[in-house]
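Data block below; observations after.
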Amino acid sequence: MAELTPSSSAVSTTTAGAPPLVEVEHLSIRFPVGRSGFWGGTVREVHAVDDVTFSIARGETLGLVGESGSGKTTAGRAVLRRIDPSAGRIRFDGIDITDTKGKQLRNLRRHMQLVFQDPYASLNPRMTVLELVAEPLIVHGLAKDAEAARPEVEALLARCGLPVDTVDRYPHAFSGGQRQRIGIARALALKPSFIVADEPVSALDVSVRAQVVNLLQDLQDEFGLTYLFIAHDLSVVRHISHRIAILYSGKLVEIAPTDRVYDNPLHPYTTALLSSVPVPDPQVQKGRRRIALTGEVPNPVDPPPGCRFASRCPEVHDRCRQETPPLEEKAPNHLVACFAR
Amino acid sequence: MTPSTVLTNPPVTPLLDVSELYVDFFTRRGVVQAVRGVSFSIERGETLGVVGESGSGKSVMAQTLLGLIELPGRITGGDVRWKGESLVHDAGSTLGRVRGKEIAMIFQDPMTSLNPLFTVGTQISEVCRRHTGANKRQAHERAVELLDLVGIANPAQRVKQYPHEMSGGMRQRVLIAMALACDPELLVADEPTTALDVTIQAQILELIGELQERLGLAVMLITHDLGVVAGLCDRVAVMYSGKLVELATAEEVFADPAHPYTAGLLASTPRLDKVESRLVSIEGSPPDLVDPPVGCPFTDRCHLAVDQCREAMPGLKIYESGRRAACWRAFEVNHG
């Protein structure tokens, strides 16, 4: 077993020199779901995120991948301090923000923004595009009212590929792709350095999806943005990410540079996941072999000891059911939590 | 509007034959022309993939096959024939006999397609009793047998469970079991895996493929995901703005798309096995179907468009190879 602890190896995965913009160490998030035991003396908890450690360098895109219930959205929200962690530390730009409160927290939010999954539910239907995009500016005291922010909003919308004459219209007048552009413009209004994009293209059609992915990449190049890109679609993630972290049932099972994850996945879950993604080419697809996973994801309420993937793993040992495998560096910058590797 | 070329029927009556189907929705905004003259057929035992983006009319078209279109929607033209019998004209008796028995359907959302108040066993039994006249005990035995068929472990216990006790993938298996209850000849699957995780999606698609081989089932798979089509389908129909724009075997469509829209769709789908520096996107968006253009609906997004495209809608033409495409400049995408 390598001697590196997860935290020290996480630091080593970032580009040499500059400190990472975002550092997450041993992050755990638990939600109480009820009581059990003698007179309800024991609080039952969902372990949504369990001892997760990663960092993101400046200008980098980290793809956070997992299936439903893996804790990817919860982890993303916690990094933005929208959910309070139960344990662990979060650092932004070298400063510990785990316990930041009140005015300081509000100031912090200028630098970190969220792009939502559902462009239909995330925009208030009673506000015009101008009001929507100007709102963050007003909240942070950078504009007196929406009208005062008009030139800036128009410039932002133009940069996000929306015609300027759209500024006084309401969200219902726009297609899904255009709404997502409005959401991105809104997130960019405060000139943040870090953006968490939570499944930003999952609700969009294929041809429109490509437009939005390209826009996100262009904005990154132009403004030097750092992204945490949360997704379940491995094909899109490969395209946009520099590194990829894979979550399973609240645990980080693998984190590595993108090409390594796709060309040489080490964790059995990653391998199975990649083999399940269909390739849009009948000749390739009919020749691919899928690694069949049986069994169910363990209940995240008071999960059993050992590796969370043990119940479905084709390579499971006895040890996997007793002990939790630590995240270790098995190849340069390639960290895996598995006893079999 | 120029009607599409009427297809000549093959010598044997196909299982399902859709000809010149038009479906309109009469809304306050105006008449939305959701399906505009679609013709195709499905043979026994084949898998047809219907691909299109939201608003292309693919789901409406599928619902029409089972008479599930309700006001404000109405079939305004054309016909759907099941083994030669119309499901549209004087459909009352035919539809009631065929629907759920010879043609079965599974939907996108396994969470809302089951009744939360009854056990899955009761819900599967109900289908058997309705269509086969089985008694309660026989229907229950059949339910257990079906759950076993769709790969659910411990079917005798599972049959007593309620939908909320099952995962999404398990519920979709229950819905497939229900669809198979009366040995259908055609399974219409409308985005059956869109709400599921990718590992579960792979399991469900594999199950559909297996069942199809074992039971000689014909499948119409409606999806927006070209990857899903590639692994499962014999033929692919591509829809855009209520029109069928291309129809060919899966190999042909993927290797050599005839219609610029198909080519664009393929190019903008990121692939797991390929790294590109920039995704190709189709700029613009589809036209409003309240007032569709006279010419080809893809004109404004098409890099091959000429004046002719704006003036007249090309019919679905049959080429020498047997392939069909509705484009004035078909096959020019790759050949210059």
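Chain lettering (A, B, ...) mirrors the order of the structure tokens, residue numbering begins at 1 for each chain separately, and ligand numbering begins at 1 in order of display.
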
Fill in: All residues 10 Å or closer to Ser175 in chain A, only C-alpha atoms, same chain fewer than 3 positions away omitted, as a PyMOL selection string
(chain A and resi 119-120+171-172+178-181+204+208) or (chain B and resi 285-286)

Fill in: DSSP-assigned helix (DSSP H, G or I) members of range 73-228 of chain B, reported as a PyMOL selection string
chain B and resi 92-98+120-132+136-149+155-158+163-165+168-180+198-215+226-228

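Across the structure, CA of Ala173 in chain A and CA of Val153 in chain A are spaced 17.9 Å apart.
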
Response to the item:
From CA of Asn214 in chain A to CA of Tyr261 in chain B the spacing works out at 19.3 Å

Practice prompt. Residues of chain B near chain A: apply a cut-off of 7 Å, count only C-alpha atoms, and supply the list as a list in words.
Written response: Glu53, Ser54, Asp197, Val198, Thr199, Ala202, Leu226, Gly227, Val228, Ala230, Gly231, Ala250, Glu251, Phe254, Leu265, Ser268, Thr269, Pro270, Arg271, Leu272, Val275, Arg278, Leu279, Val280, Ser281 and Ile282 of chain B

Practice prompt. Quick one: pull the distance between CA of Gly94 in chain A and CA of Glu23 in chain A, Å, one decimal.
Written response: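 CA of Gly94 in chain A sits 8.1 Å away from CA of Glu23 in chain A.
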